[in-house]
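Shown here: my_file_36.txt, compact mmCIF, C-alpha atoms.
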```
# COMPACT_ATOMS: atom_id res chain seq x y z
CA MET A 1 -13.95 -0.56 -0.39
CA ALA A 2 -12.71 2.34 1.67
CA HIS A 3 -13.97 5.86 1.14
CA SER A 4 -12.25 8.62 -0.76
CA LEU A 5 -10.79 11.77 0.82
CA THR A 6 -13.99 13.65 0.06
CA SER A 7 -17.50 12.32 -0.30
CA GLU A 8 -17.82 13.79 -3.83
CA CYS A 9 -15.04 11.50 -5.03
CA THR A 10 -16.24 8.33 -3.31
CA PRO A 11 -18.67 7.19 -6.06
CA LEU A 12 -15.98 7.74 -8.71
CA LYS A 13 -13.41 5.99 -6.57
CA LEU A 14 -15.67 2.96 -6.02
CA GLU A 15 -16.40 2.70 -9.73
CA TYR A 16 -12.73 3.03 -10.59
CA ASP A 17 -11.64 0.51 -7.94
CA SER A 18 -14.06 -2.12 -9.20
CA CYS A 19 -12.93 -1.51 -12.75
CA PHE A 20 -9.28 -1.86 -11.80
CA ASN A 21 -9.87 -4.89 -9.58
CA SER A 22 -11.77 -6.82 -12.20
CA TRP A 23 -9.09 -6.05 -14.77
CA PHE A 24 -6.31 -6.87 -12.32
CA GLU A 25 -7.85 -10.17 -11.26
CA GLY A 26 -7.85 -11.28 -14.88
CA TYR A 27 -4.40 -9.91 -15.42
CA LEU A 28 -2.28 -11.21 -12.60
CA GLU A 29 -2.30 -15.00 -12.75
CA PRO A 30 -1.77 -15.26 -16.53
CA ALA A 31 0.94 -12.59 -16.17
CA VAL A 32 2.74 -14.77 -13.64
CA SER A 33 2.63 -17.79 -15.93
CA ALA A 34 3.35 -15.84 -19.14
CA ALA A 35 7.01 -15.96 -18.23
CA SER A 36 7.82 -18.61 -20.82
CA SER A 37 9.44 -16.19 -23.24
CA ALA A 38 10.35 -12.53 -23.26
CA GLU A 39 8.38 -11.86 -26.46
CA GLN A 40 5.30 -13.57 -25.10
CA ARG A 41 5.51 -11.54 -21.93
CA ALA A 42 5.97 -8.29 -23.83
CA LYS A 43 2.99 -9.09 -26.03
CA TYR A 44 0.79 -9.94 -23.04
CA SER A 45 1.86 -6.80 -21.15
CA ARG A 46 1.18 -4.59 -24.15
CA GLU A 47 -2.26 -6.06 -24.78
CA LYS A 48 -3.23 -5.92 -21.14
CA ALA A 49 -2.04 -2.34 -20.69
CA GLN A 50 -4.20 -1.41 -23.68
CA GLU A 51 -7.14 -3.30 -22.28
CA TYR A 52 -6.79 -1.50 -18.94
CA GLU A 53 -6.76 1.85 -20.73
CA GLN A 54 -9.83 0.92 -22.76
CA LYS A 55 -11.78 -0.42 -19.81
CA CYS A 56 -10.80 1.95 -17.03
CA GLY A 57 -9.20 4.98 -18.73
CA LYS A 58 -12.31 7.14 -18.67
CA ILE A 59 -13.34 6.47 -15.10
CA TRP A 60 -9.73 6.85 -13.99
CA ALA A 61 -9.52 10.31 -15.58
CA ALA A 62 -12.72 11.40 -13.84
CA TYR A 63 -11.65 9.99 -10.48
CA ARG A 64 -8.14 11.41 -10.76
CA ASP A 65 -9.44 14.92 -11.44
CA CYS A 66 -11.71 14.66 -8.42
CA VAL A 67 -9.06 13.30 -6.09
CA GLN A 68 -6.48 15.85 -7.21
CA LYS A 69 -8.87 18.59 -6.16
CA ALA A 70 -9.53 16.79 -2.89
CA VAL A 71 -5.80 16.51 -2.18
CA LYS A 72 -5.53 20.28 -2.60
CA GLU A 73 -8.59 20.98 -0.48
CA LYS A 74 -7.15 18.92 2.35
CA GLY A 75 -3.90 20.83 2.13
CA LEU A 76 -2.01 17.68 1.19
CA ASP A 77 -0.67 18.88 -2.17
CA ASP A 78 2.45 20.52 -0.72
CA LEU A 79 3.18 17.54 1.52
CA LEU A 80 2.72 15.15 -1.39
CA ASP A 81 4.94 17.26 -3.68
CA GLN A 82 7.61 17.36 -0.98
CA ALA A 83 7.44 13.59 -0.50
CA ARG A 84 7.67 13.10 -4.28
CA ARG A 85 10.74 15.34 -4.44
CA ASP A 86 12.34 13.54 -1.48
CA ASN A 87 11.73 10.15 -3.03
CA PRO A 88 10.15 9.99 -6.51
CA LEU A 89 10.09 6.16 -6.45
CA LYS A 90 9.59 5.93 -10.18
CA GLU A 91 11.42 2.63 -10.17
CA PRO A 92 11.01 -0.24 -7.71
CA PRO A 93 13.26 0.29 -4.70
CA THR A 94 16.24 -2.01 -4.49
CA THR A 95 15.32 -4.11 -1.51
CA THR A 96 17.78 -5.69 0.81
CA ILE A 97 15.73 -8.64 1.90
CA SER A 98 17.48 -11.17 4.05
CA SER A 99 16.46 -14.30 2.24
CA SER A 100 14.78 -16.90 4.41
CA SER A 101 15.07 -19.62 1.78
CA SER A 102 18.70 -20.29 2.66
CA SER A 103 17.93 -21.23 6.25
CA MET B 1 16.04 5.84 15.52
CA HIS B 2 13.54 3.03 16.04
CA TYR B 3 13.69 0.00 13.84
CA PHE B 4 10.91 -2.49 13.37
CA SER B 5 10.83 -5.69 11.38
CA GLN B 6 8.66 -8.76 11.03
CA THR B 7 8.47 -11.70 8.66
CA PHE B 8 5.85 -14.38 8.32
CA ASN B 9 3.94 -16.33 5.68
CA TYR B 10 0.39 -16.00 4.46
CA ASP B 11 -1.30 -19.29 3.57
CA HIS B 12 -2.21 -18.18 0.06
CA SER B 13 -0.43 -18.05 -3.25
CA TRP B 14 1.43 -14.89 -4.23
CA ALA B 15 -1.16 -13.92 -6.85
CA ARG B 16 -4.00 -14.32 -4.35
CA VAL B 17 -2.26 -12.24 -1.73
CA ILE B 18 -1.55 -9.51 -4.27
CA ILE B 19 -5.13 -9.52 -5.50
CA GLY B 20 -6.17 -9.35 -1.85
CA MET B 21 -3.97 -6.28 -1.27
CA TRP B 22 -6.56 -4.08 -2.96
CA HIS B 23 -9.30 -5.46 -0.72
CA LYS B 24 -7.58 -4.88 2.61
CA TYR B 25 -9.56 -1.76 3.55
CA PRO B 26 -11.99 -0.99 5.03
CA ASN B 27 -11.12 -3.50 7.70
CA PRO B 28 -12.67 -3.88 11.15
CA HIS B 29 -9.23 -4.68 12.56
CA CYS B 30 -7.74 -1.56 11.00
CA SER B 31 -10.55 0.91 11.56
CA HIS B 32 -7.96 3.69 11.80
CA VAL B 33 -7.62 3.59 7.99
CA VAL B 34 -10.65 5.55 6.81
CA THR B 35 -9.80 6.72 3.30
CA VAL B 36 -7.76 5.15 0.51
CA ASP B 37 -7.16 6.95 -2.77
CA VAL B 38 -5.14 6.15 -5.84
CA VAL B 39 -3.40 9.35 -6.93
CA ASP B 40 -1.27 7.83 -9.68
CA ARG B 41 -1.11 4.49 -11.44
CA SER B 42 0.65 3.09 -14.46
CA VAL B 43 0.74 -0.26 -16.19
CA ASP B 44 4.05 -0.60 -18.01
CA PRO B 45 3.20 -1.95 -21.48
CA ARG B 46 6.73 -3.30 -21.82
CA THR B 47 7.41 -5.00 -18.48
CA GLY B 48 3.91 -5.51 -17.12
CA VAL B 49 4.90 -3.84 -13.86
CA ILE B 50 2.12 -1.94 -12.13
CA ARG B 51 3.07 1.12 -10.14
CA THR B 52 0.46 2.60 -7.83
CA GLU B 53 0.70 5.69 -5.67
CA ARG B 54 -1.94 5.98 -2.98
CA ILE B 55 -2.82 8.26 -0.11
CA LEU B 56 -4.21 6.58 2.98
CA GLY B 57 -6.09 8.68 5.47
CA CYS B 58 -5.98 7.52 9.08
CA LYS B 59 -7.89 8.63 12.11
CA GLN B 60 -6.57 7.65 15.50
CA ARG B 61 -6.67 9.25 18.87
CA THR B 62 -3.60 11.40 19.28
CA PRO B 63 -2.28 12.24 22.74
CA VAL B 64 -2.84 15.85 23.80
CA TRP B 65 0.88 16.44 24.29
CA ILE B 66 1.56 15.58 20.64
CA VAL B 67 -1.11 17.97 19.41
CA LYS B 68 0.21 20.67 21.76
CA LEU B 69 3.84 20.25 20.79
CA PHE B 70 3.57 19.48 17.13
CA GLY B 71 0.12 20.62 16.12
CA GLY B 72 -1.99 18.50 13.87
CA SER B 73 -5.08 16.54 14.71
CA GLU B 74 -6.38 13.01 14.71
CA ASP B 75 -6.08 12.90 10.95
CA ALA B 76 -2.88 11.53 9.53
CA PHE B 77 -2.01 10.85 5.91
CA VAL B 78 0.42 8.39 4.42
CA ARG B 79 1.87 8.17 0.91
CA GLU B 80 2.24 4.60 -0.35
CA ILE B 81 3.91 3.43 -3.54
CA SER B 82 3.65 -0.15 -4.70
CA PHE B 83 5.32 -2.00 -7.52
CA ILE B 84 3.88 -5.31 -8.64
CA ASP B 85 6.06 -7.32 -10.97
CA PRO B 86 4.33 -10.51 -12.13
CA SER B 87 7.40 -11.69 -14.05
CA THR B 88 9.49 -12.01 -10.89
CA GLN B 89 6.53 -12.39 -8.51
CA THR B 90 7.67 -9.55 -6.35
CA ALA B 91 5.66 -6.80 -4.80
CA THR B 92 7.24 -3.95 -2.89
CA ILE B 93 5.27 -1.36 -1.02
CA SER B 94 6.96 1.73 0.39
CA SER B 95 5.14 4.08 2.70
CA VAL B 96 6.01 7.34 4.36
CA ASN B 97 4.02 9.68 6.56
CA LEU B 98 2.89 12.99 5.10
CA THR B 99 1.53 14.28 8.39
CA LEU B 100 4.10 15.55 10.93
CA SER B 101 6.78 14.87 8.31
CA GLN B 102 8.56 18.09 9.27
CA PHE B 103 9.23 16.51 12.68
CA ALA B 104 9.59 12.81 12.06
CA THR B 105 9.59 10.23 9.31
CA CYS B 106 8.28 6.71 9.40
CA ASN B 107 9.56 4.80 6.39
CA GLU B 108 7.97 1.43 5.92
CA MET B 109 8.88 -1.20 3.37
CA ILE B 110 6.86 -4.31 2.67
CA HIS B 111 7.88 -7.11 0.39
CA TYR B 112 5.77 -10.07 -0.77
CA SER B 113 7.38 -13.02 -2.48
CA PRO B 114 6.48 -16.67 -3.09
CA ALA B 115 7.32 -19.09 -0.28
CA PRO B 116 7.38 -22.91 -0.30
CA ASP B 117 4.09 -24.87 -0.32
CA GLY B 118 2.15 -22.25 -2.23
CA ARG B 119 2.47 -19.71 0.54
CA THR B 120 3.60 -16.11 0.44
CA ALA B 121 6.35 -14.54 2.48
CA PHE B 122 5.65 -11.16 3.99
CA HIS B 123 8.59 -9.09 5.05
CA GLN B 124 8.11 -5.71 6.69
CA THR B 125 10.61 -3.20 7.97
CA ALA B 126 10.15 0.29 9.30
CA GLU B 127 12.50 3.03 10.36
CA ILE B 128 11.16 5.77 12.55
CA GLU B 129 13.34 8.79 12.96
CA THR B 130 12.89 12.32 14.21
CA ARG B 131 14.31 15.17 12.19
CA VAL B 132 17.38 16.97 13.42
CA ALA B 133 17.41 20.18 15.42
CA MET B 134 14.59 19.23 17.70
CA TRP B 135 14.30 19.59 21.41
CA ARG B 136 15.82 16.29 22.46
CA SER B 137 13.34 14.90 24.99
CA ALA B 138 10.39 15.89 22.82
CA ALA B 139 12.01 14.18 19.87
CA ASP B 140 12.59 11.01 21.86
CA LYS B 141 9.04 11.01 23.14
CA LEU B 142 7.62 11.58 19.68
CA GLU B 143 9.73 8.83 18.21
CA GLY B 144 8.77 6.41 20.95
CA TRP B 145 5.11 7.15 20.50
CA LEU B 146 5.29 6.73 16.72
CA ALA B 147 7.14 3.45 17.10
CA THR B 148 4.59 2.07 19.55
CA ARG B 149 1.71 3.07 17.35
CA PHE B 150 3.40 1.61 14.30
CA GLU B 151 3.90 -1.74 16.00
CA GLN B 152 0.29 -1.84 17.18
CA ASN B 153 -0.98 -1.04 13.71
CA ALA B 154 1.35 -3.60 12.16
CA GLN B 155 -0.16 -6.33 14.34
CA LEU B 156 -3.68 -5.18 13.49
CA GLY B 157 -2.71 -5.14 9.84
CA LYS B 158 -1.59 -8.74 10.00
CA VAL B 159 -4.78 -9.97 11.66
CA GLY B 160 -6.92 -7.81 9.41
CA PHE B 161 -5.29 -8.90 6.18
CA THR B 162 -5.40 -12.56 7.21
CA ASP B 163 -9.19 -12.21 7.59
CA VAL B 164 -9.55 -10.46 4.25
CA LEU B 165 -7.62 -13.19 2.45
CA ARG B 166 -9.63 -15.92 4.14
CA GLN B 167 -12.94 -14.29 3.25
CA LEU B 168 -11.80 -13.56 -0.27
CA TRP B 169 -10.61 -17.06 -1.03
CA GLU B 170 -12.52 -19.37 1.30
CA ASP B 171 -15.10 -20.10 -1.40
CA ALA B 172 -12.36 -20.85 -3.86
CA LYS B 173 -11.82 -24.33 -2.36
CA GLU B 174 -8.19 -23.72 -1.74
CA GLN B 175 -6.21 -26.71 -0.58
CA LYS B 176 -4.87 -24.93 2.46
CA PRO B 177 -7.28 -22.36 3.76
CA ALA B 178 -5.76 -19.76 6.02
CA HIS B 179 -6.60 -19.57 9.68
CA ALA B 180 -7.26 -16.24 11.30
CA GLY B 181 -5.12 -15.08 14.14
CA ALA B 182 -1.84 -16.54 15.20
```
Would you kindly transcribe this structure into structure tokens?
Amino acid sequence: MAHSLTSECTPLKLEYDSCFNSWFEGYLEPAVSAASSAEQRAKYSREKAQEYEQKCGKIWAAYRDCVQKAVKEKGLDDLLDQARRDNPLKEPPTTTISSSSSS
Amino acid sequence: MHYFSQTFNYDHSWARVIIGMWHKYPNPHCSHVVTVDVVDRSVDPRTGVIRTERILGCKQRTPVWIVKLFGGSEDAFVREISFIDPSTQTATISSVNLTLSQFATCNEMIHYSPAPDGRTAFHQTAEIETRVAMWRSAADKLEGWLATRFEQNAQLGKVGFTDVLRQLWEDAKEQKPAHAGA
């Protein structure tokens, strides 16, 4: 896994990344097939979001604090804030993908 | 404005490609990407959509004239936001440069969706544009340089990610293992 912005954060980042990846790898495929009903999907999403919080919440908080400091140290906080103001992207962008399935 | 677009398929299922996304770096083909940090992430307990905001740190040789005209250094940072929606099997990744953003913007959009035969369609577009009120020939040169670099990195990204997916899943006895290169 790639390094963090600063070497202090790298161990936290690596621990967080492995936590997320192992959760995500268990999450994704069942999530794809859980589409059978809306209630089932909602239940699965809720449980899995909770599980993520339980498993990775602590290490995420530690890593986030570290990386937030690093972003400031590197002078990226203003650039990041500006980019967030320009385009918050809180929702998925509406993509205009030219579908290839019709060809 | 420069416009870039490419579409192709990866020989892996959507879920495998999306799992692979988080393993793309570090990558010998994309050695310019040196740091990757998650700065925000949420798992929507209602929809199951995962939103991730990352900062990628890149190091690439920058021509002297760029440094002279626009300042900066070899270090460049990119903000990337991804949405992964398992219910629709869509992933969208939007990226924009943080470095030199007062002079030019490079907006990239990537989209992964399932393709026939258990493959995954990759669709990438990028718009590279200099900001207004710039000395014209410098703006054109900057834009041209950014576009060239983007295209080079896009090709490296394709080769690099193909390798990552093959290594990640080759032991999984997939029916159709991917082949590196094109």
Pick out the chain B residues within 9 Å of chain A. Count all atoms listed in the file. Give them as a ChimeraX atom specification.
/B:15-16,18-19,22-27,33-40,42-49,51,55-57,77,79,81-89,91-94,96-99,101,109,111,115-116,121,123
Point-to-point distance from atom CA of Phe150 of chain B to atom CA of Arg166 of chain B, Å rounded to tenths
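For atom CA of Phe150 of chain B relative to atom CA of Arg166 of chain B, the distance reads 24.1 Å.
With atom CA of Glu170 of chain B on one side and atom CA of Gln155 of chain B on the other, the separation reads 22.2 Å.
Atom pair atom CA of Thr162 of chain B / atom CA of Thr105 of chain B: separated by 27.4 Å.
The smallest atom-to-atom distance between Phe161 of chain B and any of B:Val17, B:Leu100, B:Lys59, B:Tyr3, using all atoms listed in the file, is found for B:Val17.
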Could you model N, CA and C atoms for segment 133-152 of chain B and present them as a PDB file, in the frame of the given file?
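Dumped to part-v5.pdb:
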```
ATOM      1  N   ALA B 133      17.678  18.853  14.851  1.00  0.00           N
ATOM      2  CA  ALA B 133      17.410  20.180  15.420  1.00  0.00           C
ATOM      3  C   ALA B 133      16.056  20.240  16.131  1.00  0.00           C
ATOM      4  N   MET B 134      15.785  19.191  16.888  1.00  0.00           N
ATOM      5  CA  MET B 134      14.590  19.230  17.700  1.00  0.00           C
ATOM      6  C   MET B 134      14.995  19.144  19.159  1.00  0.00           C
ATOM      7  N   TRP B 135      14.153  19.701  19.975  1.00  0.00           N
ATOM      8  CA  TRP B 135      14.300  19.590  21.410  1.00  0.00           C
ATOM      9  C   TRP B 135      14.342  18.104  21.756  1.00  0.00           C
ATOM     10  N   ARG B 136      15.468  17.693  22.334  1.00  0.00           N
ATOM     11  CA  ARG B 136      15.820  16.290  22.460  1.00  0.00           C
ATOM     12  C   ARG B 136      14.741  15.416  23.118  1.00  0.00           C
ATOM     13  N   SER B 137      14.279  15.803  24.288  1.00  0.00           N
ATOM     14  CA  SER B 137      13.340  14.900  24.990  1.00  0.00           C
ATOM     15  C   SER B 137      12.010  14.831  24.256  1.00  0.00           C
ATOM     16  N   ALA B 138      11.631  15.922  23.601  1.00  0.00           N
ATOM     17  CA  ALA B 138      10.390  15.890  22.820  1.00  0.00           C
ATOM     18  C   ALA B 138      10.566  14.961  21.626  1.00  0.00           C
ATOM     19  N   ALA B 139      11.736  15.043  21.018  1.00  0.00           N
ATOM     20  CA  ALA B 139      12.010  14.180  19.870  1.00  0.00           C
ATOM     21  C   ALA B 139      11.963  12.716  20.273  1.00  0.00           C
ATOM     22  N   ASP B 140      12.577  12.399  21.390  1.00  0.00           N
ATOM     23  CA  ASP B 140      12.590  11.010  21.860  1.00  0.00           C
ATOM     24  C   ASP B 140      11.183  10.514  22.162  1.00  0.00           C
ATOM     25  N   LYS B 141      10.407  11.397  22.794  1.00  0.00           N
ATOM     26  CA  LYS B 141       9.040  11.010  23.140  1.00  0.00           C
ATOM     27  C   LYS B 141       8.196  10.788  21.880  1.00  0.00           C
ATOM     28  N   LEU B 142       8.375  11.691  20.925  1.00  0.00           N
ATOM     29  CA  LEU B 142       7.620  11.580  19.680  1.00  0.00           C
ATOM     30  C   LEU B 142       7.983  10.281  18.957  1.00  0.00           C
ATOM     31  N   GLU B 143       9.261  10.030  18.896  1.00  0.00           N
ATOM     32  CA  GLU B 143       9.730   8.830  18.210  1.00  0.00           C
ATOM     33  C   GLU B 143       9.203   7.568  18.885  1.00  0.00           C
ATOM     34  N   GLY B 144       9.260   7.567  20.202  1.00  0.00           N
ATOM     35  CA  GLY B 144       8.770   6.410  20.950  1.00  0.00           C
ATOM     36  C   GLY B 144       7.281   6.181  20.722  1.00  0.00           C
ATOM     37  N   TRP B 145       6.544   7.271  20.708  1.00  0.00           N
ATOM     38  CA  TRP B 145       5.110   7.150  20.500  1.00  0.00           C
ATOM     39  C   TRP B 145       4.809   6.635  19.091  1.00  0.00           C
ATOM     40  N   LEU B 146       5.498   7.174  18.103  1.00  0.00           N
ATOM     41  CA  LEU B 146       5.290   6.730  16.720  1.00  0.00           C
ATOM     42  C   LEU B 146       5.624   5.252  16.557  1.00  0.00           C
ATOM     43  N   ALA B 147       6.711   4.841  17.213  1.00  0.00           N
ATOM     44  CA  ALA B 147       7.140   3.450  17.100  1.00  0.00           C
ATOM     45  C   ALA B 147       6.108   2.510  17.717  1.00  0.00           C
ATOM     46  N   THR B 148       5.603   2.890  18.886  1.00  0.00           N
ATOM     47  CA  THR B 148       4.590   2.070  19.550  1.00  0.00           C
ATOM     48  C   THR B 148       3.346   1.946  18.695  1.00  0.00           C
ATOM     49  N   ARG B 149       2.904   3.094  18.182  1.00  0.00           N
ATOM     50  CA  ARG B 149       1.710   3.070  17.350  1.00  0.00           C
ATOM     51  C   ARG B 149       1.942   2.246  16.089  1.00  0.00           C
ATOM     52  N   PHE B 150       3.111   2.377  15.511  1.00  0.00           N
ATOM     53  CA  PHE B 150       3.400   1.610  14.300  1.00  0.00           C
ATOM     54  C   PHE B 150       3.303   0.111  14.573  1.00  0.00           C
ATOM     55  N   GLU B 151       3.910  -0.307  15.681  1.00  0.00           N
ATOM     56  CA  GLU B 151       3.900  -1.740  16.000  1.00  0.00           C
ATOM     57  C   GLU B 151       2.491  -2.251  16.244  1.00  0.00           C
ATOM     58  N   GLN B 152       1.687  -1.442  16.949  1.00  0.00           N
ATOM     59  CA  GLN B 152       0.290  -1.840  17.180  1.00  0.00           C
ATOM     60  C   GLN B 152      -0.447  -1.989  15.856  1.00  0.00           C
TER      61      GLN B 152
END
```
